[in-house]
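K.L.:
Structure provided below as structure tokens; questions to follow.
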Amino acid sequence: MIAAQLLAYYFTELKDDQVKKIDKYLYAMRLSDETLMDIMTRFKKEMKNGLSRDFNPTATVKMLPTFVRSIPDGSEKGDFIALDLGGSSFRILRVQVNHEKSQNVFMESEAYATPENIVHGSGSQLFDHVAECLGDFMEKKNIKDKNLPVGFTFSFPCRQSKIDEDYDANVVAVVNDTVGTMMTCGYDDQQCEVGLIIGTGTNACYMEELRHIDLVEGDEGRMCINTEWGAFGDDGSLEDIRTEFDREIDRGSLNPGKQLFEKMVSGMYLGELVRLILVKMAKEGLLFEGRITPELLTRGKFNTSDVSAIEKNKEGLHNAKEILTRLGVEPSDDDCISVQHVCTIVSFRSANLVAATLGAILNRLRSNKGTPRLRTTVGVDGSLYKTHPQYSRRFHKTLRRLVPDSDVRFLLSESGSGKGAAMVTAVAYRLAEQHRQIEETLAHFRLTKEKLLEVKRRMRAEMEMGLRKQTHSKAVVKMLPSFVRSTPDGTENGDFLALDLGGTNFRVLLVKIRSGKKRMVEMHNKIYAIPVDIMQGTGEELFDHIVSCISDFLDYMGIKGPRMPLGFTFSFPCKQTSLDAGILITWTKGFKATDCVGHDVATLLRDAIKRREEFDLDVVAMVNDTVGTMMTCAYEEPTCEVGLIVGTGCNACYMEEMKNVELLEGNEGQMCINMEWGAFGDNGCLDDIRTDFDKMVDEYSLNAGKQRYEKMISGMYLGEIVRNILIDFTKRGFLFRGQISEPLKTRGIFETKFLSQIESDRLALLQVRAILQQLGLNSTCDDSILVKMVCGVISKRAAQLCGAGMAAVVDKIRENRGLDHLNVTVGVDGTLYKLHPHFSRIMHQTVKELSPKCNVSFLLSEDGSGKGAALITAVGVRLRGEMTS
């Protein structure tokens with residue numbers, strides 16, 4: 001045994017001439033932080049090349065997609081078989097996962113040897129042997145008759161598509177041991193998104209954004225990438241740091257020129273590296289007084305386990321003496337210290353290199369997440385990391401220096417990668433079952449062409465009912481005459497006020513219309529809010545508030561005085577008795593002011609003006625916003641004969657032949673019909689396509705049972721439909737880890753504008769998560785994908801339903817005129833149509849498919865329905881003048 005004074009000598013005289021000579025001798029193995037940062041940069045470049053379709057074929061770091069898209073979320077359960085094949089023996093495990101019991105994971109396993117002739121035999125022999133052992137295991141466990149899912153950890157660079165079966169098992173997942181390690185640790189820590197092996201071999205995997213993986217279709221979500229980083233440097237990119245000993249190791253290996261990084265790092269080679277260094281140092285007289293024994297010259301006589309033993313703090317020098325004596329070199333005390341120092345330099349270099357490559361992965365994760373500081377967990381396995389006395393401490397210390405902006409927790413995999421294979425299988429089963437249930441729910445919102453044609457047919461039938469005198473009283477689509485009989489002809493002239501009331505905000509406008517060769521419309525406007533207490537107070541309070549805002553605007557513009565003509569855009573269902581009079585049928589969009597329904601809205605406005613006693617206005621026209629939109633667009637495009645609003649609410653109007661409007665006398669000419677199609681379905685004719693979620697939104701609305709078509713389309717309700725689906729999915733454990741947050745319970749919190757933002761093609765999932773975070777919803781990447789999917793399904797249905805209604809309208813115009821083909825323009829307004837990234841495209845496509853004989857153009861109303869109200873007023877004033885003259 002070495003005396004205590006020798007240990008003291010080692011620690012106090014570490015920098016004596018002998019150690020300095022070794023430091024100088026192995027200087028190339030001592031890597032500065034600057035060099036390690038450079039290696040980190042090189043590896044980042046290699047990762048990028050491996051992920052690229054163009055550069056992957058020549059990349060050495062292959063960055064292999066694993067098709068593992070999700071880590072465990074804690075809700076996995078079931079009974080699984082795991083095969084762990086990675087050496088001269090393999091394990092078969094039965095893994096039972098039950099998240100409802102305190103014993104979450106129960107495992108029983110058995111090891112099976114792989115005979116030498118099978119290890120070096122054919123692939124079919126190997127897998128026949130595995131299948132035979134699997135059959136034996138299942139028989140022993142009395143589970144041969146169960147169809148258990150099988151996960152297969154296969155830690156070699158090859159693929160096997162099938163195991164020949166004489167038992168009933170379902171191979172669900174084939175995973176690399178590194179992935180298995182990440183998944184094992186991921187079950188215990190859901191922040192785990194990196195797997196690391198530092199043992200006989202070395203490798204790493206991590207969760208990459210799918211949008212960066214060129215080799216796999218799709219850009220939503222993440223996928224685990226098996227880096228296969230052992231091949232880093234095979235293209236010569238590490239030649240400047242490889243030493244003569246590394247080259248000698250490589251020349252003597254079974255795969256020269258391959259896995260060069262692994263040969264500098266992993267446990268399979270560190271012992272051999274040290275042996276080669278000791279041989280050369282002995283030849284140069286720096287060790288063992290120049291003695292070289294046959295044992296020292298024999299490959300495999302000095303193992304990485306010997307390196308670990310020699311580096312132990314207390315007994316390291318004693319171990320060195322024993323190991324070197326076994327090699328027959330009769331070491332001195334100085335020799336033992338020197339050999340320990342050589343071992344330290346070789347293992348330290350390994351730890352530094354792994355820290356550099358892992359640092360590159362952590363930097364990429366941080367960049368992907370767009371966060372200034374990364375917090376993550378790395379699952380680790382491997383004998384070198386686990387058993388070497390100093391390795392993990394050195395590795396962690398270097399990593400902290402190289403990536404100071406990352407807080408990394410290292411979680412040791414206690415159960416090996418076999419459990420990981422079972423977890424991959426469990427996750428696959430959970431996701432498959434979740435996907436089935438999610439699709440089952442969302443299928444109710446997916447409408448076939450046949451179903452949309454049926455909606456179009458029903459809309460047409462309801463339109464006919466609304467136009468006929470006999471059926472009008474029963475009709476839900478009221479088809480209200482607007483008394484607008486003409487679009488602008490270009491001779492309109494003058495200054496007009498317009499009032500545009502359609503939601504929680506309204507506008508007052510001054511519109512100056514000039515006729516002549518250069519027609520011109522100049523507008524000035526101001527927006528005013530209507531508080532909720534006034535929206536839902538008395539009618540007198542509501543109209544007094546409106547007149548107060550008009551007064552403010554007239555002062556603002558300096559035009560209070562002369563009696564001006566006014567057009568009133570009133571975006572609620574009214575039965576008009578003339579151009580300047582209309583009876584309110586029902587409130588929508590959250591309004592509930594009393595003493596208004598059944599009254600003439602124009603009269604309510606005139607009365608409020610009289611009460612104010614400040615000014616007088618000539619209310620010439622009362623117009624629905626849809627009609628106003630049509631008139632605005634018709635001023636620019638004479639073929640515009642249809643108006644459409646898709647915003648907070650949804651409605652349409654069109655120019656109908658007077659002979660079809662039975663509610664009014666006269667057969668000559670046309671009249672704009674305000675359809676009030678939001679009530680389509682109020683008689684139950686859409687019940688077969690309404691879902692439980694639609695019914696829930698309707699039930700809690702201010703006008704339950706009313707405006708059912710609108711509630712499936714418009715911006716006021718789409719967000720609420722989505723919120724109810726999200727609550728359902730959360731209750732079923734598909735979202736937010738099954739935790740329903742207080743914000744998610746809040747009615748109206750998921751506004752339709754969030755659908756528009758979330759569905760933007762330019763928006764990465766990271767930004768989707770940020771939007772959900774604003775709503776107090778802490779989402780994972782998988783949550784974000786599902787939320788985006790739900791938003792897409794709901795908005796697509798809305799666009800298709802709107803398109804089916806519009807197809808019914810344009811086809812009616814075509815048939816009214818007996819045309820084989822119709823060219824028509826639809827004037828459109830509304831935030832949903834304008835701002836949603838896909839709504840307009842889907843709606844246009846639906847109209848095209850359902851009405852192939854109509855060429856429909858859509859013209860966006862840039863100036864809103866207020867300008868339309870002024871134009872209708874101008875037309876009204878013109879027609880008045882024509883009549884009096």
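Residue numbering restarts at 1 in every chain; chains get A, B, ... in the order shown in the structure tokens, and ligands count up from 1 in that same order.
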Which of stretch 437-637 of chain A counts as helix (DSSP H, G or I) under DSSP, as a ChimeraX atom specification please?

P.N.:
/A:437-445,449-467,532-535,539-557,601-612,625-636

K.L.:
Show me, as a compact mmCIF listing (two decimals) with N, CA and C atoms, in the first residue's frame, the residues that have an atom within 10 Å of A:Leu777 when counting only C-alpha atoms, minus same-chain residues fewer than 2 positions from it.

P.N.:
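Written output follows (result.txt):
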# COMPACT_ATOMS: atom_id res chain seq x y z
N PHE A 736 -53.27 20.79 -22.13
CA PHE A 736 -52.88 21.48 -20.90
C PHE A 736 -52.76 20.54 -19.71
N GLN A 739 -55.40 20.18 -16.99
CA GLN A 739 -55.67 21.21 -15.98
C GLN A 739 -56.44 22.37 -16.62
N ILE A 740 -57.70 22.56 -16.20
CA ILE A 740 -58.50 23.67 -16.73
C ILE A 740 -58.20 24.92 -15.91
N SER A 741 -57.58 25.89 -16.54
CA SER A 741 -57.21 27.13 -15.84
C SER A 741 -58.44 28.03 -15.71
N GLU A 742 -58.33 28.97 -14.79
CA GLU A 742 -59.43 29.93 -14.59
C GLU A 742 -59.72 30.74 -15.85
N PRO A 743 -58.68 31.21 -16.57
CA PRO A 743 -58.98 31.97 -17.80
C PRO A 743 -59.79 31.14 -18.81
N LEU A 744 -59.48 29.85 -18.92
CA LEU A 744 -60.19 29.03 -19.90
C LEU A 744 -61.67 28.89 -19.54
N ARG A 769 -47.78 29.58 -28.83
CA ARG A 769 -47.66 29.39 -27.38
C ARG A 769 -47.68 30.73 -26.65
N ALA A 770 -47.07 31.75 -27.27
CA ALA A 770 -47.05 33.09 -26.65
C ALA A 770 -48.47 33.66 -26.56
N ILE A 771 -49.28 33.44 -27.60
CA ILE A 771 -50.67 33.91 -27.58
C ILE A 771 -51.44 33.20 -26.48
N LEU A 772 -51.25 31.89 -26.39
CA LEU A 772 -51.94 31.12 -25.35
C LEU A 772 -51.46 31.55 -23.96
N GLN A 773 -50.18 31.90 -23.88
CA GLN A 773 -49.64 32.37 -22.61
C GLN A 773 -50.33 33.67 -22.17
N GLN A 774 -50.60 34.56 -23.15
CA GLN A 774 -51.33 35.80 -22.84
C GLN A 774 -52.69 35.50 -22.22
N LEU A 775 -53.27 34.38 -22.64
CA LEU A 775 -54.59 33.99 -22.14
C LEU A 775 -54.48 33.19 -20.84
N SER A 779 -49.01 26.23 -22.34
CA SER A 779 -49.14 25.15 -23.31
C SER A 779 -47.79 24.52 -23.63
N THR A 780 -47.84 23.25 -23.98
CA THR A 780 -46.69 22.58 -24.56
C THR A 780 -46.75 22.75 -26.07
N ASP A 783 -49.74 20.93 -27.29
CA ASP A 783 -50.96 21.69 -27.04
C ASP A 783 -51.18 22.72 -28.15

K.L.:
Name all residues at most 12 Å from A:Met281 (count only C-alpha atoms; drop same-chain ones fewer than 3 positions away) and give them as a list in words.

P.N.:
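Here the qualifying residues turn out to be Gln18, Lys21, Ile22, Tyr25, Leu26, Phe245, Val274, Arg275, Leu276, Ile277, Leu278, Glu284, Gly285, Leu286, Leu287, Phe288, Glu289, Gly290, Arg291, Ile292, Leu296, Asp335, Ser338, Val339 and Val342 of chain A.
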
K.L.:
Could you tell me, as a list in words, which residues of stretch 437-503 of chain A DSSP assigns to strand (DSSP E) when given the backbone?

P.N.:
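So, restricting stretch 437-503 of chain A to strand (DSSP E), we get Leu480, Pro481, Gly494, Asp495, Phe496, Leu497, Ala498, Leu499, Asp500 and Leu501 of chain A.
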
K.L.:
Write out, as a PDB file, in the first residue's frame, the residues just selected, with all heavy atoms.

P.N.:
ATOM      1  N   LEU A 480     -86.017  40.880 -46.148  1.00  0.00           N
ATOM      2  CA  LEU A 480     -86.662  42.179 -45.919  1.00  0.00           C
ATOM      3  C   LEU A 480     -86.377  43.164 -47.049  1.00  0.00           C
ATOM      4  O   LEU A 480     -85.211  43.418 -47.379  1.00  0.00           O
ATOM      5  CB  LEU A 480     -86.170  42.771 -44.593  1.00  0.00           C
ATOM      6  CG  LEU A 480     -86.389  41.887 -43.354  1.00  0.00           C
ATOM      7  CD1 LEU A 480     -85.678  42.482 -42.153  1.00  0.00           C
ATOM      8  CD2 LEU A 480     -87.880  41.728 -43.063  1.00  0.00           C
ATOM      9  N   PRO A 481     -87.425  43.754 -47.634  1.00  0.00           N
ATOM     10  CA  PRO A 481     -87.208  44.804 -48.639  1.00  0.00           C
ATOM     11  C   PRO A 481     -86.495  45.995 -47.999  1.00  0.00           C
ATOM     12  O   PRO A 481     -86.832  46.414 -46.885  1.00  0.00           O
ATOM     13  CB  PRO A 481     -88.627  45.189 -49.070  1.00  0.00           C
ATOM     14  CG  PRO A 481     -89.477  44.022 -48.686  1.00  0.00           C
ATOM     15  CD  PRO A 481     -88.859  43.459 -47.449  1.00  0.00           C
ATOM     16  N   GLY A 494     -73.235  66.465 -53.246  1.00  0.00           N
ATOM     17  CA  GLY A 494     -73.602  67.145 -52.017  1.00  0.00           C
ATOM     18  C   GLY A 494     -72.853  66.653 -50.798  1.00  0.00           C
ATOM     19  O   GLY A 494     -71.995  65.759 -50.885  1.00  0.00           O
ATOM     20  N   ASP A 495     -73.175  67.247 -49.624  1.00  0.00           N
ATOM     21  CA  ASP A 495     -72.585  66.853 -48.341  1.00  0.00           C
ATOM     22  C   ASP A 495     -73.638  66.104 -47.527  1.00  0.00           C
ATOM     23  O   ASP A 495     -74.780  66.563 -47.395  1.00  0.00           O
ATOM     24  CB  ASP A 495     -72.128  68.083 -47.558  1.00  0.00           C
ATOM     25  CG  ASP A 495     -70.961  68.788 -48.223  1.00  0.00           C
ATOM     26  OD1 ASP A 495     -70.448  68.267 -49.238  1.00  0.00           O
ATOM     27  OD2 ASP A 495     -70.557  69.864 -47.738  1.00  0.00           O
ATOM     28  N   PHE A 496     -73.231  64.969 -46.960  1.00  0.00           N
ATOM     29  CA  PHE A 496     -74.186  64.114 -46.248  1.00  0.00           C
ATOM     30  C   PHE A 496     -73.562  63.633 -44.942  1.00  0.00           C
ATOM     31  O   PHE A 496     -72.355  63.388 -44.859  1.00  0.00           O
ATOM     32  CB  PHE A 496     -74.573  62.904 -47.111  1.00  0.00           C
ATOM     33  CG  PHE A 496     -75.089  63.282 -48.468  1.00  0.00           C
ATOM     34  CD1 PHE A 496     -74.231  63.405 -49.557  1.00  0.00           C
ATOM     35  CD2 PHE A 496     -76.439  63.538 -48.662  1.00  0.00           C
ATOM     36  CE1 PHE A 496     -74.701  63.778 -50.807  1.00  0.00           C
ATOM     37  CE2 PHE A 496     -76.917  63.900 -49.916  1.00  0.00           C
ATOM     38  CZ  PHE A 496     -76.039  64.024 -50.989  1.00  0.00           C
ATOM     39  N   LEU A 497     -74.410  63.488 -43.927  1.00  0.00           N
ATOM     40  CA  LEU A 497     -73.970  62.843 -42.691  1.00  0.00           C
ATOM     41  C   LEU A 497     -74.336  61.363 -42.773  1.00  0.00           C
ATOM     42  O   LEU A 497     -75.357  60.998 -43.380  1.00  0.00           O
ATOM     43  CB  LEU A 497     -74.679  63.444 -41.478  1.00  0.00           C
ATOM     44  CG  LEU A 497     -74.053  64.672 -40.818  1.00  0.00           C
ATOM     45  CD1 LEU A 497     -74.869  65.058 -39.590  1.00  0.00           C
ATOM     46  CD2 LEU A 497     -72.600  64.433 -40.429  1.00  0.00           C
ATOM     47  N   ALA A 498     -73.519  60.538 -42.165  1.00  0.00           N
ATOM     48  CA  ALA A 498     -73.833  59.112 -42.078  1.00  0.00           C
ATOM     49  C   ALA A 498     -73.552  58.645 -40.656  1.00  0.00           C
ATOM     50  O   ALA A 498     -72.586  59.068 -40.016  1.00  0.00           O
ATOM     51  CB  ALA A 498     -72.995  58.311 -43.074  1.00  0.00           C
ATOM     52  N   LEU A 499     -74.410  57.790 -40.184  1.00  0.00           N
ATOM     53  CA  LEU A 499     -74.258  57.189 -38.854  1.00  0.00           C
ATOM     54  C   LEU A 499     -74.181  55.685 -39.060  1.00  0.00           C
ATOM     55  O   LEU A 499     -75.039  55.096 -39.713  1.00  0.00           O
ATOM     56  CB  LEU A 499     -75.466  57.559 -38.002  1.00  0.00           C
ATOM     57  CG  LEU A 499     -75.498  57.046 -36.559  1.00  0.00           C
ATOM     58  CD1 LEU A 499     -74.337  57.605 -35.778  1.00  0.00           C
ATOM     59  CD2 LEU A 499     -76.821  57.446 -35.904  1.00  0.00           C
ATOM     60  N   ASP A 500     -73.112  55.070 -38.555  1.00  0.00           N
ATOM     61  CA  ASP A 500     -72.883  53.637 -38.796  1.00  0.00           C
ATOM     62  C   ASP A 500     -72.876  52.914 -37.453  1.00  0.00           C
ATOM     63  O   ASP A 500     -71.890  52.951 -36.717  1.00  0.00           O
ATOM     64  CB  ASP A 500     -71.546  53.451 -39.526  1.00  0.00           C
ATOM     65  CG  ASP A 500     -71.344  52.023 -40.018  1.00  0.00           C
ATOM     66  OD1 ASP A 500     -72.190  51.171 -39.725  1.00  0.00           O
ATOM     67  OD2 ASP A 500     -70.339  51.772 -40.706  1.00  0.00           O
ATOM     68  N   LEU A 501     -74.024  52.282 -37.115  1.00  0.00           N
ATOM     69  CA  LEU A 501     -74.177  51.600 -35.830  1.00  0.00           C
ATOM     70  C   LEU A 501     -74.320  50.103 -36.066  1.00  0.00           C
ATOM     71  O   LEU A 501     -75.268  49.659 -36.707  1.00  0.00           O
ATOM     72  CB  LEU A 501     -75.408  52.129 -35.094  1.00  0.00           C
ATOM     73  CG  LEU A 501     -75.763  51.447 -33.763  1.00  0.00           C
ATOM     74  CD1 LEU A 501     -74.671  51.689 -32.734  1.00  0.00           C
ATOM     75  CD2 LEU A 501     -77.094  51.953 -33.245  1.00  0.00           C
TER      76      LEU A 501
END

K.L.:
For a quick check of understanding, using only C-alpha atoms, which of A:Gln190, A:Thr629, A:Asn525, A:Thr425 has the smallest distance to A:Leu554?

P.N.:
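Closest residue, counting only C-alpha atoms: A:Asn525.
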
K.L.:
Find the distance between atom CA of A:Ile241 and atom CA of A:Leu374 and write it in Å to one decimal.

P.N.:
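So the two atoms, atom CA of A:Ile241 and atom CA of A:Leu374, lie 29.4 Å apart.
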
K.L.:
Within 8 Å of A:Asp829, counting only C-alpha atoms, which residues show up once you throw out same-chain ones fewer than 5 positions away? Write them as a ChimeraX atom specification, please.

P.N.:
/A:629,644-647,834,860-862,864-865

K.L.:
With the cut-off set at 9 Å and counting only C-alpha atoms, tabulate each residue of stretch 587-638 of chain A with an atom at most that distance from an atom of stretch 691-711 of chain A, showing the nearest atom pair and its distance in Å to one decimal, ordered by chain and increasing number, as JSON lines.

P.N.:
{"residue": "A:Trp587", "atom": "CA", "partner": "A:Asn703", "partner_atom": "CA", "distance": 8.2}
{"residue": "A:Thr588", "atom": "CA", "partner": "A:Asn703", "partner_atom": "CA", "distance": 7.2}
{"residue": "A:Lys589", "atom": "CA", "partner": "A:Leu702", "partner_atom": "CA", "distance": 8.4}
{"residue": "A:Gly590", "atom": "CA", "partner": "A:Leu702", "partner_atom": "CA", "distance": 6.3}
{"residue": "A:Phe591", "atom": "CA", "partner": "A:Leu702", "partner_atom": "CA", "distance": 8.3}
{"residue": "A:Lys592", "atom": "CA", "partner": "A:Leu702", "partner_atom": "CA", "distance": 8.1}

K.L.:
Restricting the calculation to only C-alpha atoms: of A:His844, A:Arg394, A:Arg401, A:Lys141, which residue gets closest to A:Ser857?

P.N.:
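Under the stated criterion, the closest residue is A:His844.
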
K.L.:
Might you pull out every residue within 7 Å of A:Gly257, with only C-alpha atoms counted and same-chain residues fewer than 3 positions away left off, and present them as a ChimeraX atom specification?

P.N.:
/A:234,250,260

K.L.:
Do a neighbour search on A:Leu196 at 9 Å with only C-alpha atoms, toss out local chain neighbours closer than 3 positions, and write the hits as a list in words.

P.N.:
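Non-adjacent residues within range: Thr178, Val179, Thr181, Met182, Thr202, Asn203, Ala204, Cys205, Tyr206, Leu358, Val378, Gly379, Val380, Asp381 and Gly382 of chain A.
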
K.L.:
Go ahead and save the picked residues with N, CA, C and O atoms, as a PDB file, in the first residue's frame.

P.N.:
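What follows is the written file again12.pdb:
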ATOM      1  N   THR A 178     -30.405   6.125 -27.262  1.00  0.00           N
ATOM      2  CA  THR A 178     -30.349   7.520 -26.811  1.00  0.00           C
ATOM      3  C   THR A 178     -31.756   8.075 -26.658  1.00  0.00           C
ATOM      4  O   THR A 178     -32.076   8.775 -25.691  1.00  0.00           O
ATOM      5  N   VAL A 179     -32.608   7.764 -27.646  1.00  0.00           N
ATOM      6  CA  VAL A 179     -34.015   8.197 -27.584  1.00  0.00           C
ATOM      7  C   VAL A 179     -34.703   7.529 -26.398  1.00  0.00           C
ATOM      8  O   VAL A 179     -35.473   8.156 -25.670  1.00  0.00           O
ATOM      9  N   THR A 181     -33.371   6.653 -23.646  1.00  0.00           N
ATOM     10  CA  THR A 181     -32.923   7.339 -22.433  1.00  0.00           C
ATOM     11  C   THR A 181     -33.706   8.630 -22.212  1.00  0.00           C
ATOM     12  O   THR A 181     -34.174   8.922 -21.103  1.00  0.00           O
ATOM     13  N   MET A 182     -33.858   9.420 -23.272  1.00  0.00           N
ATOM     14  CA  MET A 182     -34.624  10.673 -23.154  1.00  0.00           C
ATOM     15  C   MET A 182     -36.058  10.389 -22.714  1.00  0.00           C
ATOM     16  O   MET A 182     -36.613  11.086 -21.862  1.00  0.00           O
ATOM     17  N   THR A 202     -20.987   6.829 -27.694  1.00  0.00           N
ATOM     18  CA  THR A 202     -21.572   8.120 -27.293  1.00  0.00           C
ATOM     19  C   THR A 202     -22.502   8.614 -28.386  1.00  0.00           C
ATOM     20  O   THR A 202     -22.266   8.401 -29.576  1.00  0.00           O
ATOM     21  N   ASN A 203     -23.563   9.273 -27.979  1.00  0.00           N
ATOM     22  CA  ASN A 203     -24.529   9.817 -28.921  1.00  0.00           C
ATOM     23  C   ASN A 203     -25.449  10.759 -28.158  1.00  0.00           C
ATOM     24  O   ASN A 203     -25.470  10.763 -26.918  1.00  0.00           O
ATOM     25  N   ALA A 204     -26.221  11.553 -28.904  1.00  0.00           N
ATOM     26  CA  ALA A 204     -27.199  12.444 -28.288  1.00  0.00           C
ATOM     27  C   ALA A 204     -28.403  12.573 -29.205  1.00  0.00           C
ATOM     28  O   ALA A 204     -28.299  12.408 -30.422  1.00  0.00           O
ATOM     29  N   CYS A 205     -29.542  12.853 -28.610  1.00  0.00           N
ATOM     30  CA  CYS A 205     -30.751  13.174 -29.362  1.00  0.00           C
ATOM     31  C   CYS A 205     -31.408  14.364 -28.678  1.00  0.00           C
ATOM     32  O   CYS A 205     -31.112  14.672 -27.522  1.00  0.00           O
ATOM     33  N   TYR A 206     -32.303  15.040 -29.393  1.00  0.00           N
ATOM     34  CA  TYR A 206     -32.991  16.187 -28.809  1.00  0.00           C
ATOM     35  C   TYR A 206     -34.252  16.456 -29.606  1.00  0.00           C
ATOM     36  O   TYR A 206     -34.420  15.962 -30.731  1.00  0.00           O
ATOM     37  N   LEU A 358     -22.676  19.021 -26.803  1.00  0.00           N
ATOM     38  CA  LEU A 358     -23.954  19.210 -26.120  1.00  0.00           C
ATOM     39  C   LEU A 358     -24.284  20.699 -26.044  1.00  0.00           C
ATOM     40  O   LEU A 358     -25.450  21.096 -26.192  1.00  0.00           O
ATOM     41  N   VAL A 378     -31.624  17.217 -19.297  1.00  0.00           N
ATOM     42  CA  VAL A 378     -30.931  16.252 -20.157  1.00  0.00           C
ATOM     43  C   VAL A 378     -30.954  14.900 -19.457  1.00  0.00           C
ATOM     44  O   VAL A 378     -30.493  14.769 -18.322  1.00  0.00           O
ATOM     45  N   GLY A 379     -31.541  13.921 -20.126  1.00  0.00           N
ATOM     46  CA  GLY A 379     -31.509  12.558 -19.603  1.00  0.00           C
ATOM     47  C   GLY A 379     -30.202  11.890 -20.003  1.00  0.00           C
ATOM     48  O   GLY A 379     -29.802  11.951 -21.165  1.00  0.00           O
ATOM     49  N   VAL A 380     -29.493  11.273 -19.034  1.00  0.00           N
ATOM     50  CA  VAL A 380     -28.154  10.732 -19.298  1.00  0.00           C
ATOM     51  C   VAL A 380     -28.064   9.260 -18.906  1.00  0.00           C
ATOM     52  O   VAL A 380     -28.620   8.837 -17.892  1.00  0.00           O
ATOM     53  N   ASP A 381     -27.348   8.519 -19.732  1.00  0.00           N
ATOM     54  CA  ASP A 381     -27.017   7.134 -19.402  1.00  0.00           C
ATOM     55  C   ASP A 381     -25.621   6.844 -19.925  1.00  0.00           C
ATOM     56  O   ASP A 381     -25.066   7.632 -20.705  1.00  0.00           O
ATOM     57  N   GLY A 382     -25.048   5.732 -19.495  1.00  0.00           N
ATOM     58  CA  GLY A 382     -23.735   5.329 -19.980  1.00  0.00           C
ATOM     59  C   GLY A 382     -22.747   5.143 -18.855  1.00  0.00           C
ATOM     60  O   GLY A 382     -22.694   5.931 -17.906  1.00  0.00           O
TER      61      GLY A 382
END

K.L.:
Report, in Å with one decimal, the straight-line distance from atom CA of A:Lys369 to atom CA of A:Val408.

P.N.:
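A separation of 15.1 Å between them.
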
K.L.:
Please compute the atom CA of A:Asn303-atom CA of A:Ser347 distance, one decimal, in Å.

P.N.:
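So the answer is 12.4 Å.
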
K.L.:
Determine the nearest neighbour of A:Gly490 from the options A:Arg222, A:Arg747, A:Arg612, A:Arg519, counting only C-alpha atoms.

P.N.:
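Smallest distance to A:Gly490 is found for A:Arg519.
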